[in-house]
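Student: What follows is a single structure, and I will ask about it in a moment.
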Amino acid sequence: MNIIPKKTFFSGPWYRRATAWLATFLASLILFFVAVDCNFCYLFGRSPGFDDIKNPVVSEASEVYTCDEVLMGRFFNENRTPVTYEEVSPILVRTLIDTEDERFYQHHGIDVVGLFAAGKDILRGRARGASTITQQLAKNLFRVRTQYSTGLLGRLPGIKILVMKAKEWIVALKLEWLFSKEEILTMYLNTVDFGSNAYGIKTAARSYFGTTPDALTYEQAATLVGLLKATSLYNPRLNPKNSQQRRNTVLQLVYDHHHIFLDGQEATPAQFDSLLSLPVVLKTRISESYQDGMAPYFREALKSYIDDLCIEGHVPGYDAINKLDVDADGLHIYTAIDSRMQAYAEAAVLKQMQVVQQRFNEHWGHTNPWQNARHQEIYGFAEDIARRSPYGKYLDTKFQGNVDSINHYLSQPHPVRLFSYNGPVEQEMSTIDSVRYMLRFMHTGFVAIEPDTRFVRAWVGDIDFHSWQVDNVRAVHQPGSTFKLFVYTEAMNQGLNPIDHRPDSYIAFVDTVAGKPKVWAPHNANGHFSDEEVSLKSAFAMSLNSVAVRVGMECGVHNIAKTAYAMGIKTKLQETRSMVLGSSDVCLLELVNSYCTIANDGRYNMPLLVERIEDRDGNLIYQARTKEKKAVSYRTAYLMQRMLAGGLYGTSGGLWHYIRPFYADTEFGGKTGTSNNHADAWFVGVTPKLVGGAWVGGEYPSIHFRTGQLGQGSKTALPIFGEFIQRVLSDKRFSKYRVKFPPARGIDPRLWTGSGYSYHRPDTASFDYEFNASPTASDASEGAPRSEEGMSGQQEDETP
């Protein structure tokens, strides 16, 4: 019996069998793609869905602006600023397509012709890629090889690459389904890495050529597109020869596609040869470090400030878990900094700190701060700091703590880059000597705040951000007599008045420490007491420690600390007797903000660094709002405003040198401060609409002026505020700051206009000052009598 074979789909003529196998392959491929996309049985891992692809989240640089909308700088982990399709030169578009994906307008995400061509080249031993622009975009947007897992099958080496490639193809198909070709090109150009930390075409055009994407020439476009093959190998800054060769290869491809037009016509061979011979001309490198730009210390503080806004619930939709990412969210941050005030502050700091540095060098008997000074150092001071440097720690690990070996290498000369007021300098110097050189510089911090709005208008953290990253606006130091603001404020709280008197005489306290008596006897800066009854307004103006301590003990140290906290101090205070003379560290920002509370009639608000924040689409997500609370009574605040105004007839008299032209229509006050051994010098200046404070000191407390007035707040810190406020008030754009405090409401003026403390001037003249009196020229001179303070009779530190 003959059995007739049953015909199947795979039997019959060859073409039928071939069709059957091809159909089976395509159906299997489709089923495989579906299984991968839906993560069948968790075998393939999650893939980007349509919602993810419709709303891709790309890391985008956040831009930081001043309140007058000047770009200060950027935050980024990938330096990227997006553009629209209309902002891109057609030259760049054609160059990209001709080089990377010549059938871009014909395929739907996967170039089948290109795949077959690539397969044929592989068989011939010439491996090359066949990814389309859309596939490359899929990788850039979603990182399907790293951001998304490949499931259980992904653990198999041979299968993993297949799953990853399948995901790229699927995402590419979805991109083509959802977006137009122009949109895909725009997204690609906005996401691609062009090397040298330049992400996206706008940043790359600016970074390499100092231009915009719509103005790129053929040779510039070819250079940038050529980078895409290998961002280091063909980088025009790192490898200019390779870059030019690759650029010419790209230009050849564009020319072969007949897409180079010069003078409105297709380029001739001679014109094309001329194009190939052009050198790669780069603009002077525009630094794209997020640390560069205006007010770098402020922008460092800004990041943690925005985190705090989210944590405290001030930004709707964000909290401690889900915070704004300033490095990736593409925010537009409009800060409170005024670019003009910031420039004035930086100029004031630079001018005064050069003077301070020269005085410091001369004070120690040398003009080069590190030479011929070893005999004045604390033994091993510079060496110890050098060992704690990154290089010192490396040597410590390498030589397992062997001090001789570590010091040997730390003492070897090598090229170093050092700060100087004339610009960075290169010298041959050992690590220890470079530390010694840098330690000799004096440092500063300055901040200016509007007391009514609490917007921070200027912020200078030190003299050079690239040399010293410590921000002295936020760093803590001993405030010296600037802390007396809180002592006398609490005195006014408890009912005392500026015309009340206390004796300026010797005072001492005896405590028992470890069974032995210990005496604390604070002295005035000049070492003398008048042994007279002195009004509180005079004692505050002259910064008499004897009176401040008496008032402080009378009011209670704890009460003074509570008042300081209410007014704006956040740093934990050490509630000891010496606190009333400024022994407990505070930061400049908190101190100046506390003075703002007095200028704002006793109302406290936190310093505001940001006015508003917009997301990448321009939607407002944060708007600053003042939330004032009463810190001290109006009576207390007004009396302290009068007390601060009186400071200009005492230790703050040097301010007249700067403010005389504005005294007719603007009211001023101020307080100096100097800590023990002149380690910290302070000045806080007050006007009704702007309060500014400066700190000056060494990098370490043991680096300071030895004796005399050179290290006092009136000589070092006061001129910074003076220069700043003079520049601001001379600018007609800031006329709103030229105002006086409003008249007192319900307060008897005799409380502050009574008889003051009569003292002798250097020219033997004397006067009994009144806070409302306008000084004569001689009264307002730089040499007006002062009584700067040390906090106590403590041992002076040895100074390196």
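Identifiers in the structure tokens: chain A, B, ... in order shown; residue index from 1 per chain; ligand index from 1 in order shown.
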Please give the complete set of residues from range 432-506 of chain A that DSSP, run on the backbone, assigns to helix (DSSP H, G or I), formatted as a list in words.
Tutor: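 For range 432-506 of chain A, the helix (DSSP H, G or I) set is Ile432, Asp433, Ser434, Val435, Arg436, Tyr437, Met438, Leu439, Gly480, Ser481, Thr482, Phe483, Lys484, Leu485, Phe486, Val487, Tyr488, Thr489, Glu490, Ala491, Met492 and Asn493 of chain A.
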Student: Output as a Markdown table one row per residue of range 194-226 of chain A within 12 Å of range 254-263 of chain A: the closest atom pair and its distance in Å to one decimal place, counting only C-alpha atoms, sorted by chain and residue number ascending.
Tutor:
```
| residue | atom | partner | partner_atom | distance |
| --- | --- | --- | --- | --- |
| A:Thr217 | CA | A:Ile260 | CA | 10.5 |
| A:Tyr218 | CA | A:Ile260 | CA | 7.7 |
| A:Glu219 | CA | A:Ile260 | CA | 10.5 |
| A:Ala221 | CA | A:Val254 | CA | 10.7 |
| A:Ala222 | CA | A:Val254 | CA | 8.8 |
| A:Val225 | CA | A:Val254 | CA | 11.3 |
| A:Gly226 | CA | A:Val254 | CA | 11.9 |
```
Student: What does the file look like for those residues with all heavy atoms, as a CSV table (one decimal), in the first residue's frame?
Tutor:
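File written: part.csv
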```csv
chain,number,residue,atom,x,y,z
A,217,THR,N,29.1,77.0,10.1
A,217,THR,CA,29.6,76.9,8.7
A,217,THR,C,29.8,75.4,8.3
A,217,THR,O,29.7,74.6,9.2
A,217,THR,CB,30.9,77.7,8.5
A,217,THR,OG1,31.9,77.1,9.3
A,217,THR,CG2,30.7,79.1,8.8
A,218,TYR,N,30.1,75.1,7.0
A,218,TYR,CA,30.3,73.8,6.6
A,218,TYR,C,31.4,73.1,7.4
A,218,TYR,O,31.3,72.0,7.9
A,218,TYR,CB,30.6,73.7,5.1
A,218,TYR,CG,29.4,73.9,4.2
A,218,TYR,CD1,29.1,75.1,3.6
A,218,TYR,CD2,28.5,72.8,4.1
A,218,TYR,CE1,28.0,75.2,2.8
A,218,TYR,CE2,27.3,73.0,3.3
A,218,TYR,CZ,27.1,74.2,2.6
A,218,TYR,OH,26.0,74.3,1.9
A,219,GLU,N,32.5,73.8,7.5
A,219,GLU,CA,33.7,73.2,8.2
A,219,GLU,C,33.4,73.0,9.7
A,219,GLU,O,33.9,72.0,10.3
A,219,GLU,CB,35.0,74.0,7.9
A,219,GLU,CG,35.0,75.4,8.5
A,219,GLU,CD,34.4,76.4,7.5
A,219,GLU,OE1,33.7,76.0,6.6
A,219,GLU,OE2,34.7,77.6,7.7
A,221,ALA,N,30.4,72.6,11.1
A,221,ALA,CA,29.4,71.5,11.2
A,221,ALA,C,30.1,70.2,11.0
A,221,ALA,O,29.8,69.2,11.8
A,221,ALA,CB,28.3,71.7,10.2
A,222,ALA,N,31.0,70.1,10.1
A,222,ALA,CA,31.7,68.8,9.8
A,222,ALA,C,32.5,68.4,11.0
A,222,ALA,O,32.7,67.2,11.3
A,222,ALA,CB,32.5,68.9,8.5
A,225,VAL,N,30.1,67.1,13.7
A,225,VAL,CA,29.5,65.8,13.3
A,225,VAL,C,30.6,64.7,13.4
A,225,VAL,O,30.4,63.6,13.8
A,225,VAL,CB,28.9,65.9,12.0
A,225,VAL,CG1,28.5,64.5,11.5
A,225,VAL,CG2,27.6,66.8,12.0
A,226,GLY,N,31.8,65.1,13.0
A,226,GLY,CA,32.9,64.2,13.0
A,226,GLY,C,33.2,63.7,14.4
A,226,GLY,O,33.7,62.6,14.6
```
Student: Using only C-alpha atoms, which of A:Gly495, A:Pro661, A:Pro742, A:Gly698 sits nearest Leu729 in chain A?
Tutor: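 Closest candidate: A:Pro661.
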Student: Which residues come within 12 Å of range 96-103 of chain A, counting only C-alpha atoms, excluding same-chain residues fewer than 5 positions away, as a PyMOL selection string?
Tutor: chain A and resi 88-91+108-115+128-137+181-182+184-186+188-189+192+201+218+220-229+246-260
Student: Tell me, which residues of range 378-509 of chain A carry DSSP strand (DSSP E or B), written as an MDAnalysis selection string?
Tutor: chainID A and resid 414:418 425:429 442:449 455:460 476:477 501:503 509
Student: To one decimal place in Å, what is the distance between CA of Glu426 in chain A and CA of His466 in chain A?
Tutor: 14.8 Å
Student: Which residues are near Lys736 in chain A? Cut-off 12 Å, only C-alpha atoms, ignore same chain within fewer than 6 positions. Put them as a PyMOL selection string.
Tutor: chain A and resi 450+665-666+687-690+728-730
Student: Restricting the output to N, CA and C atoms, write the selected residues as a PDB file, in the first residue's frame.
Tutor:
```
ATOM      1  N   GLU A 450      18.682  93.197  51.834  1.00  0.00           N
ATOM      2  CA  GLU A 450      17.625  94.184  52.033  1.00  0.00           C
ATOM      3  C   GLU A 450      16.835  93.808  53.288  1.00  0.00           C
ATOM      4  N   ASP A 665      20.350 112.775  52.866  1.00  0.00           N
ATOM      5  CA  ASP A 665      19.105 112.066  52.574  1.00  0.00           C
ATOM      6  C   ASP A 665      19.129 110.577  52.933  1.00  0.00           C
ATOM      7  N   THR A 666      20.197 110.115  53.546  1.00  0.00           N
ATOM      8  CA  THR A 666      20.305 108.695  53.902  1.00  0.00           C
ATOM      9  C   THR A 666      20.817 108.563  55.324  1.00  0.00           C
ATOM     10  N   THR A 687      21.691 100.662  56.776  1.00  0.00           N
ATOM     11  CA  THR A 687      20.851 101.748  56.282  1.00  0.00           C
ATOM     12  C   THR A 687      19.417 101.216  56.325  1.00  0.00           C
ATOM     13  N   PRO A 688      18.415 102.076  56.187  1.00  0.00           N
ATOM     14  CA  PRO A 688      17.034 101.583  56.273  1.00  0.00           C
ATOM     15  C   PRO A 688      16.694 100.534  55.215  1.00  0.00           C
ATOM     16  N   LYS A 689      17.341 100.565  54.056  1.00  0.00           N
ATOM     17  CA  LYS A 689      16.967  99.677  52.960  1.00  0.00           C
ATOM     18  C   LYS A 689      18.055  98.681  52.562  1.00  0.00           C
ATOM     19  N   LEU A 690      19.235  98.763  53.169  1.00  0.00           N
ATOM     20  CA  LEU A 690      20.316  97.855  52.802  1.00  0.00           C
ATOM     21  C   LEU A 690      21.273  97.696  53.977  1.00  0.00           C
ATOM     22  N   VAL A 728      27.166 101.912  45.554  1.00  0.00           N
ATOM     23  CA  VAL A 728      25.731 101.667  45.361  1.00  0.00           C
ATOM     24  C   VAL A 728      24.956 102.977  45.379  1.00  0.00           C
ATOM     25  N   LEU A 729      25.202 103.802  46.387  1.00  0.00           N
ATOM     26  CA  LEU A 729      24.428 105.033  46.515  1.00  0.00           C
ATOM     27  C   LEU A 729      24.802 106.074  45.466  1.00  0.00           C
ATOM     28  N   SER A 730      25.970 105.921  44.849  1.00  0.00           N
ATOM     29  CA  SER A 730      26.357 106.844  43.768  1.00  0.00           C
ATOM     30  C   SER A 730      25.683 106.461  42.453  1.00  0.00           C
TER      31      SER A 730
END
```
Student: Give the answer as one residue: which of A:Arg502, A:Phe721, A:Arg738, A:Tyr658 has the shortest atom-to-atom distance to Ala347 in chain A, using only C-alpha atoms?
Tutor: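 The answer is A:Phe721, which sits nearest to Ala347 in chain A.
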Student: Write out as an mmCIF file with N, CA and C atoms, in the first residue's frame the residues lying within 12 Å of Leu395 in chain A, counting only C-alpha atoms and excluding same-chain residues fewer than 2 positions away.
Tutor:
```cif
data_model
loop_
_atom_site.group_PDB
_atom_site.id
_atom_site.type_symbol
_atom_site.label_atom_id
_atom_site.label_comp_id
_atom_site.auth_asym_id
_atom_site.auth_seq_id
_atom_site.Cartn_x
_atom_site.Cartn_y
_atom_site.Cartn_z
ATOM 1 N N ALA A 386 50.275 70.515 54.971
ATOM 2 C CA ALA A 386 50.671 69.852 53.731
ATOM 3 C C ALA A 386 50.398 68.353 53.810
ATOM 4 N N ARG A 387 50.638 67.751 54.989
ATOM 5 C CA ARG A 387 50.389 66.314 55.128
ATOM 6 C C ARG A 387 48.902 65.989 55.071
ATOM 7 N N ARG A 388 48.066 66.968 55.388
ATOM 8 C CA ARG A 388 46.624 66.741 55.326
ATOM 9 C C ARG A 388 46.030 67.070 53.960
ATOM 10 N N SER A 389 46.858 67.522 53.038
ATOM 11 C CA SER A 389 46.401 67.797 51.670
ATOM 12 C C SER A 389 46.194 66.475 50.933
ATOM 13 N N PRO A 390 45.475 66.479 49.787
ATOM 14 C CA PRO A 390 45.300 65.239 49.027
ATOM 15 C C PRO A 390 46.619 64.572 48.659
ATOM 16 N N TYR A 391 47.620 65.363 48.264
ATOM 17 C CA TYR A 391 48.922 64.798 47.931
ATOM 18 C C TYR A 391 49.587 64.207 49.175
ATOM 19 N N GLY A 392 49.456 64.908 50.303
ATOM 20 C CA GLY A 392 50.022 64.397 51.538
ATOM 21 C C GLY A 392 49.377 63.088 51.953
ATOM 22 N N LYS A 393 48.065 62.971 51.782
ATOM 23 C CA LYS A 393 47.371 61.727 52.117
ATOM 24 C C LYS A 393 47.802 60.590 51.194
ATOM 25 N N THR A 397 49.659 57.114 52.449
ATOM 26 C CA THR A 397 49.274 55.742 52.098
ATOM 27 C C THR A 397 50.427 55.003 51.438
ATOM 28 N N LYS A 398 51.112 55.691 50.528
ATOM 29 C CA LYS A 398 52.203 55.042 49.793
ATOM 30 C C LYS A 398 53.338 54.623 50.709
ATOM 31 N N PHE A 399 53.695 55.476 51.668
ATOM 32 C CA PHE A 399 54.843 55.189 52.543
ATOM 33 C C PHE A 399 54.413 54.727 53.933
ATOM 34 N N GLN A 400 53.126 54.371 54.060
ATOM 35 C CA GLN A 400 52.617 53.771 55.294
ATOM 36 C C GLN A 400 52.962 54.611 56.529
ATOM 37 N N GLY A 401 52.791 55.928 56.391
ATOM 38 C CA GLY A 401 52.962 56.823 57.515
ATOM 39 C C GLY A 401 54.392 57.172 57.872
ATOM 40 N N ASN A 402 55.360 56.795 57.043
ATOM 41 C CA ASN A 402 56.756 57.132 57.333
ATOM 42 C C ASN A 402 56.967 58.635 57.146
ATOM 43 N N VAL A 403 57.150 59.350 58.265
ATOM 44 C CA VAL A 403 57.194 60.817 58.237
ATOM 45 C C VAL A 403 58.360 61.338 57.419
ATOM 46 N N ASP A 404 59.525 60.698 57.532
ATOM 47 C CA ASP A 404 60.699 61.166 56.796
ATOM 48 C C ASP A 404 60.471 61.090 55.288
ATOM 49 N N SER A 405 59.914 59.990 54.828
ATOM 50 C CA SER A 405 59.649 59.837 53.384
ATOM 51 C C SER A 405 58.599 60.829 52.917
ATOM 52 N N ILE A 406 57.557 61.004 53.722
ATOM 53 C CA ILE A 406 56.481 61.935 53.353
ATOM 54 C C ILE A 406 57.039 63.356 53.251
ATOM 55 N N ASN A 407 57.777 63.777 54.267
ATOM 56 C CA ASN A 407 58.328 65.140 54.263
ATOM 57 C C ASN A 407 59.343 65.338 53.140
ATOM 58 N N HIS A 408 60.067 64.267 52.794
ATOM 59 C CA HIS A 408 61.038 64.379 51.703
ATOM 60 C C HIS A 408 60.329 64.765 50.400
ATOM 61 N N TYR A 409 59.255 64.072 50.080
ATOM 62 C CA TYR A 409 58.562 64.363 48.820
ATOM 63 C C TYR A 409 57.759 65.657 48.905
ATOM 64 N N LEU A 410 57.244 65.973 50.089
ATOM 65 C CA LEU A 410 56.543 67.246 50.236
ATOM 66 C C LEU A 410 57.490 68.428 50.103
ATOM 67 N N THR A 431 55.655 71.449 47.911
ATOM 68 C CA THR A 431 54.290 71.471 48.433
ATOM 69 C C THR A 431 54.221 72.237 49.749
#
```
Student: So how many Å separate CA of Asn493 in chain A and CA of Ala448 in chain A, to one decimal?
Tutor: 26.6 Å
Student: Counting only C-alpha atoms, which of A:Asn600, A:Leu175, A:Gln469, A:Gln244 gets nearest to Ser277 in chain A?
Tutor: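 Smallest separation from Ser277 in chain A among the options: A:Gln244.
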Student: Go through A:Ile621, A:Gln352, A:Glu590, A:Ile747 one by one, measure the shortest atom-to-atom distance of each to Gly317 in chain A using only C-alpha atoms, and give the residue with the smallest value.
Tutor: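 Distance minimum relative to Gly317 in chain A lands on A:Ile621.
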Student: Which neighbours of Ala717 in chain A fall inside 12 Å, counting only C-alpha atoms, when residues of the same chain fewer than 5 positions from it are skipped, and could you give them as a compact mmCIF listing (two decimals) with C-alpha atoms, in the first residue's frame?
Tutor:
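This went into result_24.txt:
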```txt
# COMPACT_ATOMS: atom_id res chain seq x y z
CA ALA A 348 35.16 96.72 47.11
CA VAL A 349 36.53 93.42 48.40
CA LYS A 351 40.37 96.97 46.55
CA GLN A 352 40.41 96.67 50.33
CA MET A 353 41.93 93.20 50.56
CA VAL A 355 45.46 97.05 51.08
CA VAL A 356 45.00 94.61 53.97
CA MET A 442 44.25 87.28 54.48
CA HIS A 443 40.67 86.29 53.74
CA THR A 444 37.27 87.91 53.74
CA GLY A 445 33.56 87.51 53.35
CA PHE A 446 30.90 90.08 52.48
CA VAL A 447 27.12 89.93 52.16
CA THR A 482 29.39 92.91 66.69
CA SER A 652 32.57 103.22 63.24
CA GLY A 654 35.76 105.80 59.65
CA LEU A 655 32.55 105.29 57.69
CA GLY A 670 27.26 100.51 62.11
CA LYS A 671 29.13 98.31 64.53
CA THR A 672 32.72 97.12 64.47
CA GLY A 673 34.06 93.95 66.01
CA THR A 674 37.46 92.44 66.69
CA HIS A 678 42.90 90.45 66.08
CA ASP A 680 38.66 88.16 63.33
CA ALA A 681 37.75 91.67 62.21
CA TRP A 682 34.13 92.61 61.50
CA PHE A 683 31.95 95.45 60.44
CA VAL A 684 28.20 95.55 59.88
CA GLY A 685 26.81 98.68 58.25
CA GLY A 692 25.95 94.83 54.66
CA GLY A 693 28.58 93.04 56.68
CA ALA A 694 32.21 92.10 56.18
CA TRP A 695 34.60 89.72 57.95
CA VAL A 696 38.39 89.76 57.52
CA GLY A 697 40.86 87.28 58.99
CA LEU A 710 45.89 97.26 61.85
CA GLY A 711 43.79 94.18 62.59
CA GLN A 712 40.76 95.94 63.99
CA GLY A 722 32.26 101.74 52.92
CA GLU A 723 33.45 101.18 49.35
CA PHE A 724 30.39 99.07 48.58
```
Student: For Tyr595 in chain A, find every residue with an atom within 9 Å (counting only C-alpha atoms), except residues of its own chain fewer than 2 positions away, and show them as a list of chain:residue names.
Tutor: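 Final neighbour list, sorted by chain and number: A:Pro451, A:Leu485, A:Met567, A:Gly568, A:Glu590, A:Leu591, A:Val592, A:Asn593, A:Thr597, A:Ile598, A:Ala599, A:Asn600, A:Val684, A:Gly685, A:Val686, A:Val691, A:Gly692.
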Student: Pull N, CA and C atoms from the residues just selected and write them as a PDB file, in the first residue's frame.
Tutor:
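Below is the file result25.pdb, written as the result:
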```pdb
ATOM      1  N   PRO A 451      16.760  94.672  54.303  1.00  0.00           N
ATOM      2  CA  PRO A 451      16.099  94.275  55.546  1.00  0.00           C
ATOM      3  C   PRO A 451      14.594  94.075  55.427  1.00  0.00           C
ATOM      4  N   LEU A 485      25.318  93.806  69.748  1.00  0.00           N
ATOM      5  CA  LEU A 485      23.971  94.167  69.301  1.00  0.00           C
ATOM      6  C   LEU A 485      22.930  93.426  70.126  1.00  0.00           C
ATOM      7  N   MET A 567      16.371  86.884  66.605  1.00  0.00           N
ATOM      8  CA  MET A 567      16.706  87.895  65.603  1.00  0.00           C
ATOM      9  C   MET A 567      17.340  87.308  64.343  1.00  0.00           C
ATOM     10  N   GLY A 568      17.879  86.085  64.413  1.00  0.00           N
ATOM     11  CA  GLY A 568      18.424  85.500  63.186  1.00  0.00           C
ATOM     12  C   GLY A 568      19.615  84.591  63.351  1.00  0.00           C
ATOM     13  N   GLU A 590      24.164  84.987  59.102  1.00  0.00           N
ATOM     14  CA  GLU A 590      23.225  85.072  60.216  1.00  0.00           C
ATOM     15  C   GLU A 590      23.369  86.398  60.959  1.00  0.00           C
ATOM     16  N   LEU A 591      24.596  86.852  61.123  1.00  0.00           N
ATOM     17  CA  LEU A 591      24.831  88.104  61.840  1.00  0.00           C
ATOM     18  C   LEU A 591      24.223  89.288  61.098  1.00  0.00           C
ATOM     19  N   VAL A 592      24.488  89.364  59.789  1.00  0.00           N
ATOM     20  CA  VAL A 592      23.945  90.471  59.001  1.00  0.00           C
ATOM     21  C   VAL A 592      22.423  90.402  58.971  1.00  0.00           C
ATOM     22  N   ASN A 593      21.881  89.201  58.879  1.00  0.00           N
ATOM     23  CA  ASN A 593      20.425  89.073  58.884  1.00  0.00           C
ATOM     24  C   ASN A 593      19.833  89.531  60.215  1.00  0.00           C
ATOM     25  N   THR A 597      17.019  92.565  61.150  1.00  0.00           N
ATOM     26  CA  THR A 597      15.836  92.527  62.014  1.00  0.00           C
ATOM     27  C   THR A 597      15.662  93.851  62.746  1.00  0.00           C
ATOM     28  N   ILE A 598      16.757  94.437  63.209  1.00  0.00           N
ATOM     29  CA  ILE A 598      16.682  95.756  63.851  1.00  0.00           C
ATOM     30  C   ILE A 598      16.281  96.816  62.831  1.00  0.00           C
ATOM     31  N   ALA A 599      16.898  96.793  61.658  1.00  0.00           N
ATOM     32  CA  ALA A 599      16.574  97.790  60.631  1.00  0.00           C
ATOM     33  C   ALA A 599      15.137  97.658  60.154  1.00  0.00           C
ATOM     34  N   ASN A 600      14.553  96.457  60.287  1.00  0.00           N
ATOM     35  CA  ASN A 600      13.182  96.199  59.847  1.00  0.00           C
ATOM     36  C   ASN A 600      12.199  96.313  61.013  1.00  0.00           C
ATOM     37  N   VAL A 684      29.544  95.627  60.451  1.00  0.00           N
ATOM     38  CA  VAL A 684      28.201  95.546  59.885  1.00  0.00           C
ATOM     39  C   VAL A 684      27.674  96.960  59.747  1.00  0.00           C
ATOM     40  N   GLY A 685      27.354  97.352  58.528  1.00  0.00           N
ATOM     41  CA  GLY A 685      26.811  98.675  58.247  1.00  0.00           C
ATOM     42  C   GLY A 685      25.326  98.597  57.976  1.00  0.00           C
ATOM     43  N   VAL A 686      24.597  99.588  58.451  1.00  0.00           N
ATOM     44  CA  VAL A 686      23.132  99.564  58.382  1.00  0.00           C
ATOM     45  C   VAL A 686      22.612 100.830  57.739  1.00  0.00           C
ATOM     46  N   VAL A 691      21.545  96.447  54.326  1.00  0.00           N
ATOM     47  CA  VAL A 691      22.475  96.139  55.414  1.00  0.00           C
ATOM     48  C   VAL A 691      23.579  95.266  54.836  1.00  0.00           C
ATOM     49  N   GLY A 692      24.826  95.612  55.163  1.00  0.00           N
ATOM     50  CA  GLY A 692      25.953  94.832  54.665  1.00  0.00           C
ATOM     51  C   GLY A 692      26.950  94.553  55.758  1.00  0.00           C
TER      52      GLY A 692
END
```
Student: What does the distance from CA of Lys484 in chain A to CA of Val513 in chain A come to in Å, to one decimal?
Tutor: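 If I compute the distance from CA of Lys484 in chain A to CA of Val513 in chain A, I get 27.0 Å.
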Student: From the options A:Leu71, A:Ala301, A:Cys587, A:Val470, which residue's atoms come nearest to Lys572 in chain A, counting only C-alpha atoms?
Tutor: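 Once distances to Lys572 in chain A are computed over only C-alpha atoms, the minimum belongs to A:Cys587.
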